[in-house]
Structures are given as C-alpha cells and as structure tokens.
Amino acid sequence: MPTLTSPGQVFVTGTGRCGSTLVSELLREHPQALSLSELFNHLTDMYRITARVFPEGPLTAAEFWDVLSSRNAVNRLLGAHGLAPREVLYRPSATTRFQADTGIPAVLMTTLPHLSDTPDELYDELRAAVAEFPDARAGEHYRRMFAWLCTRFGKTLWAERSGGSLILAGQFREHFPDARYLHIVRDGRDTALSMSRHTGFRMAAVVMALHITLGHDPYAETPAPDVERDLGFVPEELLPFLPDRFDADAVRDYRLPVSLFGTYWADEMKRGMEAMSLLPQENVLHIWYEDLLAAPEESLHRIGEFLGADFVDSDWERRCAAKVGAPSSSWRDLPDAERAELDQACAAGFSVLAAHGVVPMAGTTASAARSNA
C-alpha cells in the first residue's frame, strides 16, 4: 500500500462522564484535527475484551478487520433492546445496512458516523484500505488506519476519544509510544452521579457484578456459558441481566448506589494517574471540565497550544467557546446521607489528583467546590 504521512497522535482520555464527549465534538470543528470518537470503547465492548483488541503478536489484515467489524455482545444486546447510549451515532433504519437486532460493527457504531454523513460508504472504503495492510502488531495497525483516515479527510493529527479510556492507559503507552494525552478531569462527585444515570456505565457495573459472582463473563461468546449452572449462583436481582433473560426494564430500574460509581472514579483516577506519571510531562495536559465550561476560550487556547503551534486557532477558539454551556453541578442536591457517602467515596481520587498537582484554575466552580468540601 502507499506510504502514509505520519500524523500527530493524541488520546483524549478520562474516566467517562467527564466531559470528554464535548471535547471530542469541539475538536471535530478544528480544521486540522481528525476527531475519532468511541473507537476503543466499542471495540472492547465497554472494556470487557481488551485482550482481543490489543493481542500479543502480529495480526493479519483480515484478523484486524475482524476486530474492527465485530458485533460485540453487550453493545449488541443494548442496541437490540433500545438501550443504546446517546453517544452511539449509528441509528438503524429502513435505509441503513445494519440493524439493531443483528448488531452494528464496532467501528461503525460511533467512530465513522462522527466523521461522515454516509458512514456505510466510509465503512466500505476503510475495509478496502485495511485489506492492504501488511501483518503487524495491533498498535501499528491502528496507527496505519488512523493515518489513512487523516489522509482521507485532509487532517494532520488524530485525537481518539473513548468514554472511560483512562482504563487503557497502559495499553496506549505500549502500542502508541509517541502519543500525547489530553486528560479531561471532572469533579468526581458529578462524574459518579452522571455514571449512575447512564445506561452504559450501569450495564458495565452489572456485568462486572455477574463476572465476580460467577467467576466468568456471562457475555463471553466462547466458551458458551452453562446457563443452568449460572442460575444457581446468581442473586435473584441480577437474573434479568443474564444474556438469555435480558430485561430492558430491569436495566432502567435497577438501583445502584451513587457511591459505588464514586469508588470506581477514585480507583480509575489512581490507576490512570500512576500510568500517566510515567510519561514525559510535556506529553500530558490535564484540563478540568469545569474550567472548560467556565473559561472556554482560555481552555481551548491551552488545548491548541498542547496540540502544537500550528493548532492555535483563534477563530476555532471563538466559534467553539460559543457552543460551550454554563457550569452546573448537581451532586450537592442529593439527600444528606447519600451526598456524604459519595463525597467520602471520591476523596481518594481527589487526593491522587492533588498529589500530582492536577488542580482546577483558581476561581472556577471546580476550585470552589474542592475548597468548600
């Protein structure tokens, strides 16, 4: 295949529900940046099958395409029951090639519709390009694919953003040694509250509970689960989440404490900050979501400078600042006991951030929230 120019490499990362979707939308407006949305989230099926997405050893072009085009179990089930999160941009209809009941290829769920109004056609173009890739390790395949997309859309840098991708910091460091990281941080208490109301994170928590209870992932397609055996171990309240008994209403109604997601946020922040502390300092920029909302032009200017001198664009900053809404916080509206539990659950995450010098700009909502906590 033809030699492709090597573009800049950036991961927009965070714990999920941290504002990275907004950043991805704003980067899509930049004339030089290719905004890649939710690729690794969907490839890993909410980070369940990471080893398949980043295997050891080389992959053939066909094997790599199998990863990109996979219709994975959890996302397929959510789509079939009308529970696909709003971040999923491919919406099946009578005119689309793929339908919800049979599943949407992972790369087509959000990544390609984020780039094109004709994602089915772009899917075919990408398949033809990937077919020419030589055998390589996973990271090289992804870099070659991203370079092809940059050339296809006339961009000089790619920025991949998947909700919750902080969990992949180790894999990114291994497979993308030259990448830089735009880390979006949001007050953990608001992040946890948002997670508790989000279908994807609620489902991820339930699948994790089933995995712990059973000692295996019931959504793994091989080997086939022993359904009768599983029924004897699963608590009654989790039965509607088994694949063969899936109940969409149960996903909507199941009660999960907000503090559970606060603990998750704190744990992910600890692991993520440890991983990023191993990177050269100049390769990481931490941006608070609250700062972006309160001072959008200043925050976007910092992002442009981080991407490179050629990416500082005052017109882009002004246009995108106008699309940013006002700061808001809702965790303080929780009942007293629930609010106290959430604050305690998130405390370790805030401590990790402070220990690494990751603090919001003085005078912003986030700064005031922490000083008054």
# chains A, B, ... in the order shown; residues from 1 in each chain; ligands from 1
>>> residues_around(residues="A:Val107", least_positions_apart="5", cutoff="9 Å", atoms="only C-alpha atoms", output="short mmCIF file (atom, residue, chain, number, x, y, z; two decimals) with C-alpha atoms, in the first residue's frame")
data_model
loop_
_atom_site.label_atom_id
_atom_site.label_comp_id
_atom_site.auth_asym_id
_atom_site.auth_seq_id
_atom_site.Cartn_x
_atom_site.Cartn_y
_atom_site.Cartn_z
CA GLU A 38 -15.60 5.98 20.96
CA LEU A 39 -13.46 3.60 18.91
CA PHE A 40 -11.78 1.69 21.74
CA HIS A 42 -16.88 -0.05 21.29
CA LEU A 43 -14.05 -2.34 20.13
CA VAL A 67 -11.65 -6.68 15.42
CA LEU A 68 -12.93 -3.51 13.76
CA SER A 69 -16.09 -5.09 12.38
CA SER A 70 -17.02 -7.22 15.40
CA LEU A 112 -17.41 6.55 11.34
CA TYR A 123 -17.07 1.63 6.16
#
>>> select_by_dssp(residues="stretch 185-351 of chain A", states="strand (DSSP E or B)", output="ChimeraX atom specification")
/A:185,284-288
>>> write_last_selection(atoms="N, CA, C and O atoms", output="PDB file, in the first residue's frame")
ATOM      1  N   VAL A 185     -10.640  16.026  33.250  1.00  0.00           N
ATOM      2  CA  VAL A 185     -10.969  15.726  34.644  1.00  0.00           C
ATOM      3  C   VAL A 185     -12.239  16.480  35.024  1.00  0.00           C
ATOM      4  O   VAL A 185     -12.381  17.663  34.707  1.00  0.00           O
ATOM      5  N   VAL A 284       1.493  15.318  28.385  1.00  0.00           N
ATOM      6  CA  VAL A 284       0.209  15.213  29.074  1.00  0.00           C
ATOM      7  C   VAL A 284      -0.296  16.609  29.423  1.00  0.00           C
ATOM      8  O   VAL A 284       0.455  17.450  29.918  1.00  0.00           O
ATOM      9  N   LEU A 285      -1.574  16.848  29.130  1.00  0.00           N
ATOM     10  CA  LEU A 285      -2.239  18.078  29.555  1.00  0.00           C
ATOM     11  C   LEU A 285      -3.526  17.694  30.274  1.00  0.00           C
ATOM     12  O   LEU A 285      -4.354  16.971  29.730  1.00  0.00           O
ATOM     13  N   HIS A 286      -3.660  18.168  31.506  1.00  0.00           N
ATOM     14  CA  HIS A 286      -4.869  17.932  32.287  1.00  0.00           C
ATOM     15  C   HIS A 286      -5.775  19.159  32.163  1.00  0.00           C
ATOM     16  O   HIS A 286      -5.356  20.283  32.443  1.00  0.00           O
ATOM     17  N   ILE A 287      -7.009  18.935  31.736  1.00  0.00           N
ATOM     18  CA  ILE A 287      -7.987  20.009  31.605  1.00  0.00           C
ATOM     19  C   ILE A 287      -9.219  19.657  32.433  1.00  0.00           C
ATOM     20  O   ILE A 287      -9.815  18.590  32.242  1.00  0.00           O
ATOM     21  N   TRP A 288      -9.567  20.534  33.351  1.00  0.00           N
ATOM     22  CA  TRP A 288     -10.792  20.308  34.129  1.00  0.00           C
ATOM     23  C   TRP A 288     -12.007  20.689  33.299  1.00  0.00           C
ATOM     24  O   TRP A 288     -12.042  21.748  32.673  1.00  0.00           O
TER      25      TRP A 288
END
>>> atom_distance(atom1="atom CA of A:Leu59", atom2="atom CA of A:Asp135")
5.4 Å
>>> closest_residue(among="A:Ser328, A:Ser259, A:Ser6, A:Thr213", to="A:Gly188", atoms="only C-alpha atoms")
A:Ser259
>>> atom_distance(atom1="atom CA of A:Glu140", atom2="atom CA of A:Thr156")
17.6 Å
>>> closest_residue(among="A:Phe176, A:Phe98, A:Tyr47, A:Phe350", to="A:Thr263", atoms="only C-alpha atoms")
A:Phe350
>>> residues_around(residues="A:Phe153", least_positions_apart="4", cutoff="12 Å", atoms="only C-alpha atoms", output="JSON, numbers by chain")
{"A": [28, 31, 32, 33, 34, 35, 36, 112, 115, 116, 122, 146, 147, 148, 149, 157, 158]}
>>> atom_distance(atom1="atom CA of A:Asp247", atom2="atom CA of A:Ile49")
22.9 Å
>>> closest_residue(among="A:Trp65, A:Glu237, A:Asn283, A:Gly14", to="A:Tyr142", atoms="only C-alpha atoms")
A:Trp65
>>> select_by_dssp(residues="stretch 135-326 of chain A", states="alpha helix (DSSP H)", output="PyMOL selection string")
chain A and resi 138-153+169-175+188-196+199-214+227-231+248-253+258-276+289-294+296-307+314-321
>>> residues_around(residues="A:Phe246", least_positions_apart="3", cutoff="12 Å", atoms="only C-alpha atoms", output="PyMOL selection string")
chain A and resi 73-74+76-78+80-81+83+203+206-207+218-219+237-243+249-252
>>> residues_around(residues="A:Met145", least_positions_apart="4", cutoff="12 Å", atoms="only C-alpha atoms", output="ChimeraX atom specification")
/A:1,3-7,36,39,61,64-65,68,107,125-134,136,138-141,149-152,158
>>> write_last_selection(atoms="N, CA, C and O atoms", output="short mmCIF file (atom, residue, chain, number, x, y, z; two decimals), in the first residue's frame")
data_model
loop_
_atom_site.label_atom_id
_atom_site.label_comp_id
_atom_site.auth_asym_id
_atom_site.auth_seq_id
_atom_site.Cartn_x
_atom_site.Cartn_y
_atom_site.Cartn_z
N MET A 1 0.84 -1.18 0.00
CA MET A 1 0.00 0.00 0.00
C MET A 1 0.88 1.24 0.00
O MET A 1 2.05 1.18 0.40
N THR A 3 2.74 4.75 1.02
CA THR A 3 3.22 5.28 2.29
C THR A 3 2.33 6.44 2.72
O THR A 3 2.00 7.32 1.94
N LEU A 4 1.93 6.44 3.99
CA LEU A 4 1.07 7.48 4.51
C LEU A 4 1.88 8.40 5.40
O LEU A 4 2.75 7.96 6.15
N THR A 5 1.59 9.68 5.33
CA THR A 5 2.25 10.65 6.21
C THR A 5 1.88 10.37 7.65
O THR A 5 0.72 10.10 7.97
N SER A 6 2.87 10.43 8.54
CA SER A 6 2.61 10.14 9.95
C SER A 6 2.00 11.37 10.63
O SER A 6 2.66 12.40 10.77
N PRO A 7 0.73 11.30 11.05
CA PRO A 7 0.09 12.45 11.68
C PRO A 7 0.41 12.51 13.17
O PRO A 7 0.94 11.56 13.75
N LEU A 36 -11.68 11.20 16.45
CA LEU A 36 -12.10 9.80 16.43
C LEU A 36 -12.83 9.52 17.74
O LEU A 36 -12.24 9.59 18.81
N LEU A 39 -13.94 4.80 19.59
CA LEU A 39 -13.46 3.60 18.91
C LEU A 39 -13.13 2.49 19.90
O LEU A 39 -13.64 1.37 19.79
N ALA A 61 -4.23 -8.60 8.08
CA ALA A 61 -5.24 -7.60 7.75
C ALA A 61 -6.64 -8.12 8.05
O ALA A 61 -7.50 -7.40 8.57
N PHE A 64 -7.29 -8.12 11.76
CA PHE A 64 -7.52 -6.77 12.25
C PHE A 64 -8.92 -6.29 11.87
O PHE A 64 -9.61 -5.67 12.68
N TRP A 65 -9.36 -6.59 10.65
CA TRP A 65 -10.70 -6.19 10.24
C TRP A 65 -11.75 -6.90 11.09
O TRP A 65 -12.81 -6.32 11.41
N LEU A 68 -12.22 -4.74 14.07
CA LEU A 68 -12.93 -3.51 13.76
C LEU A 68 -14.42 -3.74 13.48
O LEU A 68 -15.27 -2.93 13.83
N VAL A 107 -16.69 -0.44 14.74
CA VAL A 107 -16.13 0.79 14.18
C VAL A 107 -17.21 1.69 13.59
O VAL A 107 -17.00 2.89 13.39
N GLU A 125 -14.99 1.87 2.28
CA GLU A 125 -13.68 2.43 1.93
C GLU A 125 -12.61 1.94 2.91
O GLU A 125 -11.51 1.56 2.50
N LEU A 126 -12.95 1.99 4.18
CA LEU A 126 -11.99 1.58 5.20
C LEU A 126 -11.67 0.10 5.08
O LEU A 126 -10.51 -0.32 5.20
N ARG A 127 -12.68 -0.71 4.82
CA ARG A 127 -12.45 -2.15 4.67
C ARG A 127 -11.48 -2.42 3.52
O ARG A 127 -10.57 -3.25 3.65
N ALA A 128 -11.65 -1.71 2.41
CA ALA A 128 -10.75 -1.90 1.27
C ALA A 128 -9.33 -1.46 1.62
O ALA A 128 -8.35 -2.10 1.21
N ALA A 129 -9.20 -0.37 2.38
CA ALA A 129 -7.87 0.09 2.77
C ALA A 129 -7.19 -0.89 3.71
O ALA A 129 -6.01 -1.24 3.55
N VAL A 130 -7.92 -1.36 4.71
CA VAL A 130 -7.36 -2.29 5.69
C VAL A 130 -6.93 -3.59 5.03
O VAL A 130 -5.94 -4.21 5.44
N ALA A 131 -7.64 -4.02 4.00
CA ALA A 131 -7.30 -5.27 3.31
C ALA A 131 -5.88 -5.25 2.75
O ALA A 131 -5.29 -6.31 2.52
N GLU A 132 -5.32 -4.05 2.55
CA GLU A 132 -3.97 -3.92 2.01
C GLU A 132 -2.90 -3.83 3.09
O GLU A 132 -1.71 -3.76 2.78
N PHE A 133 -3.30 -3.82 4.36
CA PHE A 133 -2.32 -3.67 5.43
C PHE A 133 -1.45 -4.93 5.53
O PHE A 133 -1.98 -6.06 5.50
N PRO A 134 -0.14 -4.78 5.71
CA PRO A 134 0.71 -5.95 5.97
C PRO A 134 0.54 -6.43 7.40
O PRO A 134 0.00 -5.71 8.25
N ALA A 136 1.11 -6.98 11.15
CA ALA A 136 1.73 -6.06 12.11
C ALA A 136 1.10 -6.26 13.47
O ALA A 136 0.02 -6.87 13.60
N ALA A 138 -0.90 -4.88 16.83
CA ALA A 138 -2.14 -4.12 16.87
C ALA A 138 -1.90 -2.62 16.78
O ALA A 138 -2.58 -1.92 16.01
N GLY A 139 -0.95 -2.11 17.56
CA GLY A 139 -0.71 -0.67 17.57
C GLY A 139 -0.35 -0.13 16.20
O GLY A 139 -0.82 0.95 15.80
N GLU A 140 0.46 -0.88 15.45
CA GLU A 140 0.83 -0.43 14.11
C GLU A 140 -0.37 -0.43 13.18
O GLU A 140 -0.53 0.46 12.34
N HIS A 141 -1.24 -1.43 13.32
CA HIS A 141 -2.47 -1.45 12.51
C HIS A 141 -3.32 -0.22 12.80
O HIS A 141 -3.81 0.44 11.87
N LEU A 149 -7.15 7.53 7.62
CA LEU A 149 -8.30 8.40 7.84
C LEU A 149 -7.89 9.88 7.80
O LEU A 149 -8.63 10.72 7.27
N CYS A 150 -6.72 10.20 8.37
CA CYS A 150 -6.25 11.59 8.31
C CYS A 150 -6.05 12.02 6.86
O CYS A 150 -6.43 13.13 6.46
N THR A 151 -5.44 11.15 6.06
CA THR A 151 -5.26 11.45 4.64
C THR A 151 -6.60 11.58 3.93
O THR A 151 -6.82 12.50 3.13
N ARG A 152 -7.51 10.69 4.24
CA ARG A 152 -8.85 10.70 3.62
C ARG A 152 -9.59 12.00 3.89
O ARG A 152 -10.30 12.52 3.02
N TRP A 158 -4.63 13.11 14.61
CA TRP A 158 -5.83 12.42 15.07
C TRP A 158 -5.92 12.50 16.59
O TRP A 158 -4.91 12.51 17.29
#
>>> closest_residue(among="A:Ala51, A:Ala100, A:Val359, A:Val10", to="A:Ala159", atoms="only C-alpha atoms")
A:Val10
>>> residues_around(residues="stretch 273-277 of chain A", least_positions_apart="5", cutoff="12 Å", atoms="only C-alpha atoms", output="PyMOL selection string")
chain A and resi 11+13-15+166-174+179-185+265-268+282-286+349-358
>>> decode(residues="stretch 204-320 of chain A", atoms="C-alpha atoms", output="PDB file, in the first residue's frame")
ATOM      1  CA  ALA A 204     -20.914  -2.243  32.913  1.00  0.00           C
ATOM      2  CA  ALA A 205     -21.386  -2.331  36.702  1.00  0.00           C
ATOM      3  CA  VAL A 206     -23.929  -5.148  36.444  1.00  0.00           C
ATOM      4  CA  VAL A 207     -21.773  -7.205  34.066  1.00  0.00           C
ATOM      5  CA  MET A 208     -18.849  -6.778  36.459  1.00  0.00           C
ATOM      6  CA  ALA A 209     -21.037  -7.980  39.354  1.00  0.00           C
ATOM      7  CA  LEU A 210     -22.071 -11.033  37.341  1.00  0.00           C
ATOM      8  CA  HIS A 211     -18.449 -11.744  36.438  1.00  0.00           C
ATOM      9  CA  ILE A 212     -17.405 -11.603  40.098  1.00  0.00           C
ATOM     10  CA  THR A 213     -20.358 -13.751  41.173  1.00  0.00           C
ATOM     11  CA  LEU A 214     -19.903 -16.426  38.511  1.00  0.00           C
ATOM     12  CA  GLY A 215     -16.141 -16.378  38.113  1.00  0.00           C
ATOM     13  CA  HIS A 216     -16.543 -15.822  34.363  1.00  0.00           C
ATOM     14  CA  ASP A 217     -18.059 -13.299  31.975  1.00  0.00           C
ATOM     15  CA  PRO A 218     -21.570 -14.500  31.026  1.00  0.00           C
ATOM     16  CA  TYR A 219     -21.367 -12.312  27.910  1.00  0.00           C
ATOM     17  CA  ALA A 220     -18.265 -14.059  26.616  1.00  0.00           C
ATOM     18  CA  GLU A 221     -19.227 -15.811  23.413  1.00  0.00           C
ATOM     19  CA  THR A 222     -16.646 -18.577  23.793  1.00  0.00           C
ATOM     20  CA  PRO A 223     -16.841 -20.877  25.566  1.00  0.00           C
ATOM     21  CA  ALA A 224     -20.635 -20.928  25.703  1.00  0.00           C
ATOM     22  CA  PRO A 225     -21.866 -20.351  29.277  1.00  0.00           C
ATOM     23  CA  ASP A 226     -23.533 -23.120  31.244  1.00  0.00           C
ATOM     24  CA  VAL A 227     -26.860 -21.376  31.775  1.00  0.00           C
ATOM     25  CA  GLU A 228     -28.314 -23.869  34.234  1.00  0.00           C
ATOM     26  CA  ARG A 229     -25.185 -23.765  36.361  1.00  0.00           C
ATOM     27  CA  ASP A 230     -25.155 -19.956  36.334  1.00  0.00           C
ATOM     28  CA  LEU A 231     -28.757 -19.738  37.532  1.00  0.00           C
ATOM     29  CA  GLY A 232     -27.766 -21.443  40.772  1.00  0.00           C
ATOM     30  CA  PHE A 233     -25.190 -18.773  41.620  1.00  0.00           C
ATOM     31  CA  VAL A 234     -26.788 -15.537  40.502  1.00  0.00           C
ATOM     32  CA  PRO A 235     -28.749 -13.469  43.047  1.00  0.00           C
ATOM     33  CA  GLU A 236     -32.377 -13.015  42.055  1.00  0.00           C
ATOM     34  CA  GLU A 237     -31.994  -9.282  41.402  1.00  0.00           C
ATOM     35  CA  LEU A 238     -29.258  -9.986  38.815  1.00  0.00           C
ATOM     36  CA  LEU A 239     -31.122 -12.719  36.913  1.00  0.00           C
ATOM     37  CA  PRO A 240     -32.725 -10.252  34.438  1.00  0.00           C
ATOM     38  CA  PHE A 241     -29.235  -9.259  33.306  1.00  0.00           C
ATOM     39  CA  LEU A 242     -28.135 -12.683  32.117  1.00  0.00           C
ATOM     40  CA  PRO A 243     -27.957 -12.696  28.298  1.00  0.00           C
ATOM     41  CA  ASP A 244     -30.725 -15.246  27.820  1.00  0.00           C
ATOM     42  CA  ARG A 245     -33.030 -13.483  30.307  1.00  0.00           C
ATOM     43  CA  PHE A 246     -32.190  -9.890  29.487  1.00  0.00           C
ATOM     44  CA  ASP A 247     -34.873  -7.431  30.579  1.00  0.00           C
ATOM     45  CA  ALA A 248     -34.553  -3.838  29.376  1.00  0.00           C
ATOM     46  CA  ASP A 249     -36.816  -2.558  32.156  1.00  0.00           C
ATOM     47  CA  ALA A 250     -34.500  -4.102  34.732  1.00  0.00           C
ATOM     48  CA  VAL A 251     -31.585  -2.105  33.330  1.00  0.00           C
ATOM     49  CA  ARG A 252     -33.615   1.087  33.666  1.00  0.00           C
ATOM     50  CA  ASP A 253     -34.926   0.323  37.151  1.00  0.00           C
ATOM     51  CA  TYR A 254     -32.053  -1.440  38.918  1.00  0.00           C
ATOM     52  CA  ARG A 255     -30.886   0.535  41.942  1.00  0.00           C
ATOM     53  CA  LEU A 256     -27.149   1.189  42.115  1.00  0.00           C
ATOM     54  CA  PRO A 257     -25.745   3.462  44.834  1.00  0.00           C
ATOM     55  CA  VAL A 258     -24.049   6.604  43.551  1.00  0.00           C
ATOM     56  CA  SER A 259     -21.156   5.955  45.953  1.00  0.00           C
ATOM     57  CA  LEU A 260     -20.341   2.775  44.005  1.00  0.00           C
ATOM     58  CA  PHE A 261     -19.518   4.923  40.992  1.00  0.00           C
ATOM     59  CA  GLY A 262     -17.630   7.342  43.219  1.00  0.00           C
ATOM     60  CA  THR A 263     -15.384   4.487  44.311  1.00  0.00           C
ATOM     61  CA  TYR A 264     -14.940   3.461  40.689  1.00  0.00           C
ATOM     62  CA  TRP A 265     -13.984   7.036  39.746  1.00  0.00           C
ATOM     63  CA  ALA A 266     -11.413   7.226  42.544  1.00  0.00           C
ATOM     64  CA  ASP A 267      -9.884   3.846  41.658  1.00  0.00           C
ATOM     65  CA  GLU A 268      -9.644   4.705  37.958  1.00  0.00           C
ATOM     66  CA  MET A 269      -8.105   8.073  38.794  1.00  0.00           C
ATOM     67  CA  LYS A 270      -5.470   6.368  40.920  1.00  0.00           C
ATOM     68  CA  ARG A 271      -4.528   3.833  38.220  1.00  0.00           C
ATOM     69  CA  GLY A 272      -4.698   6.384  35.431  1.00  0.00           C
ATOM     70  CA  MET A 273      -2.562   8.971  37.166  1.00  0.00           C
ATOM     71  CA  GLU A 274       0.033   6.327  38.013  1.00  0.00           C
ATOM     72  CA  ALA A 275       0.209   5.335  34.342  1.00  0.00           C
ATOM     73  CA  MET A 276       0.403   8.915  33.072  1.00  0.00           C
ATOM     74  CA  SER A 277       3.065   9.844  35.624  1.00  0.00           C
ATOM     75  CA  LEU A 278       5.405   7.546  33.680  1.00  0.00           C
ATOM     76  CA  LEU A 279       5.003   9.686  30.555  1.00  0.00           C
ATOM     77  CA  PRO A 280       7.122  12.742  29.724  1.00  0.00           C
ATOM     78  CA  GLN A 281       5.471  15.716  31.404  1.00  0.00           C
ATOM     79  CA  GLU A 282       5.203  17.600  28.116  1.00  0.00           C
ATOM     80  CA  ASN A 283       3.111  14.757  26.653  1.00  0.00           C
ATOM     81  CA  VAL A 284       0.209  15.213  29.074  1.00  0.00           C
ATOM     82  CA  LEU A 285      -2.239  18.078  29.555  1.00  0.00           C
ATOM     83  CA  HIS A 286      -4.869  17.932  32.287  1.00  0.00           C
ATOM     84  CA  ILE A 287      -7.987  20.009  31.605  1.00  0.00           C
ATOM     85  CA  TRP A 288     -10.792  20.308  34.129  1.00  0.00           C
ATOM     86  CA  TYR A 289     -14.257  20.092  32.611  1.00  0.00           C
ATOM     87  CA  GLU A 290     -15.443  22.801  34.976  1.00  0.00           C
ATOM     88  CA  ASP A 291     -12.658  25.076  33.729  1.00  0.00           C
ATOM     89  CA  LEU A 292     -13.666  24.406  30.129  1.00  0.00           C
ATOM     90  CA  LEU A 293     -17.234  25.432  30.918  1.00  0.00           C
ATOM     91  CA  ALA A 294     -16.258  28.490  32.958  1.00  0.00           C
ATOM     92  CA  ALA A 295     -13.451  29.767  30.719  1.00  0.00           C
ATOM     93  CA  PRO A 296     -13.886  28.089  27.316  1.00  0.00           C
ATOM     94  CA  GLU A 297     -11.645  30.301  25.181  1.00  0.00           C
ATOM     95  CA  GLU A 298      -8.787  30.114  27.651  1.00  0.00           C
ATOM     96  CA  SER A 299      -9.151  26.326  27.948  1.00  0.00           C
ATOM     97  CA  LEU A 300      -9.365  25.850  24.178  1.00  0.00           C
ATOM     98  CA  HIS A 301      -6.284  28.002  23.718  1.00  0.00           C
ATOM     99  CA  ARG A 302      -4.399  25.728  26.135  1.00  0.00           C
ATOM    100  CA  ILE A 303      -5.593  22.704  24.158  1.00  0.00           C
ATOM    101  CA  GLY A 304      -4.468  24.283  20.877  1.00  0.00           C
ATOM    102  CA  GLU A 305      -1.024  25.051  22.317  1.00  0.00           C
ATOM    103  CA  PHE A 306      -0.767  21.468  23.555  1.00  0.00           C
ATOM    104  CA  LEU A 307      -1.608  20.079  20.125  1.00  0.00           C
ATOM    105  CA  GLY A 308       1.120  22.240  18.581  1.00  0.00           C
ATOM    106  CA  ALA A 309       1.836  25.780  17.463  1.00  0.00           C
ATOM    107  CA  ASP A 310       0.082  25.156  14.138  1.00  0.00           C
ATOM    108  CA  PHE A 311      -3.122  24.242  16.001  1.00  0.00           C
ATOM    109  CA  VAL A 312      -3.539  27.535  17.849  1.00  0.00           C
ATOM    110  CA  ASP A 313      -6.526  28.989  16.024  1.00  0.00           C
ATOM    111  CA  SER A 314      -8.334  31.994  17.489  1.00  0.00           C
ATOM    112  CA  ASP A 315     -11.269  31.571  15.116  1.00  0.00           C
ATOM    113  CA  TRP A 316     -11.728  27.958  16.261  1.00  0.00           C
ATOM    114  CA  GLU A 317     -11.490  29.065  19.893  1.00  0.00           C
ATOM    115  CA  ARG A 318     -14.188  31.721  19.450  1.00  0.00           C
ATOM    116  CA  ARG A 319     -16.540  29.507  17.448  1.00  0.00           C
ATOM    117  CA  CYS A 320     -16.270  26.610  19.864  1.00  0.00           C
TER     118      CYS A 320
END
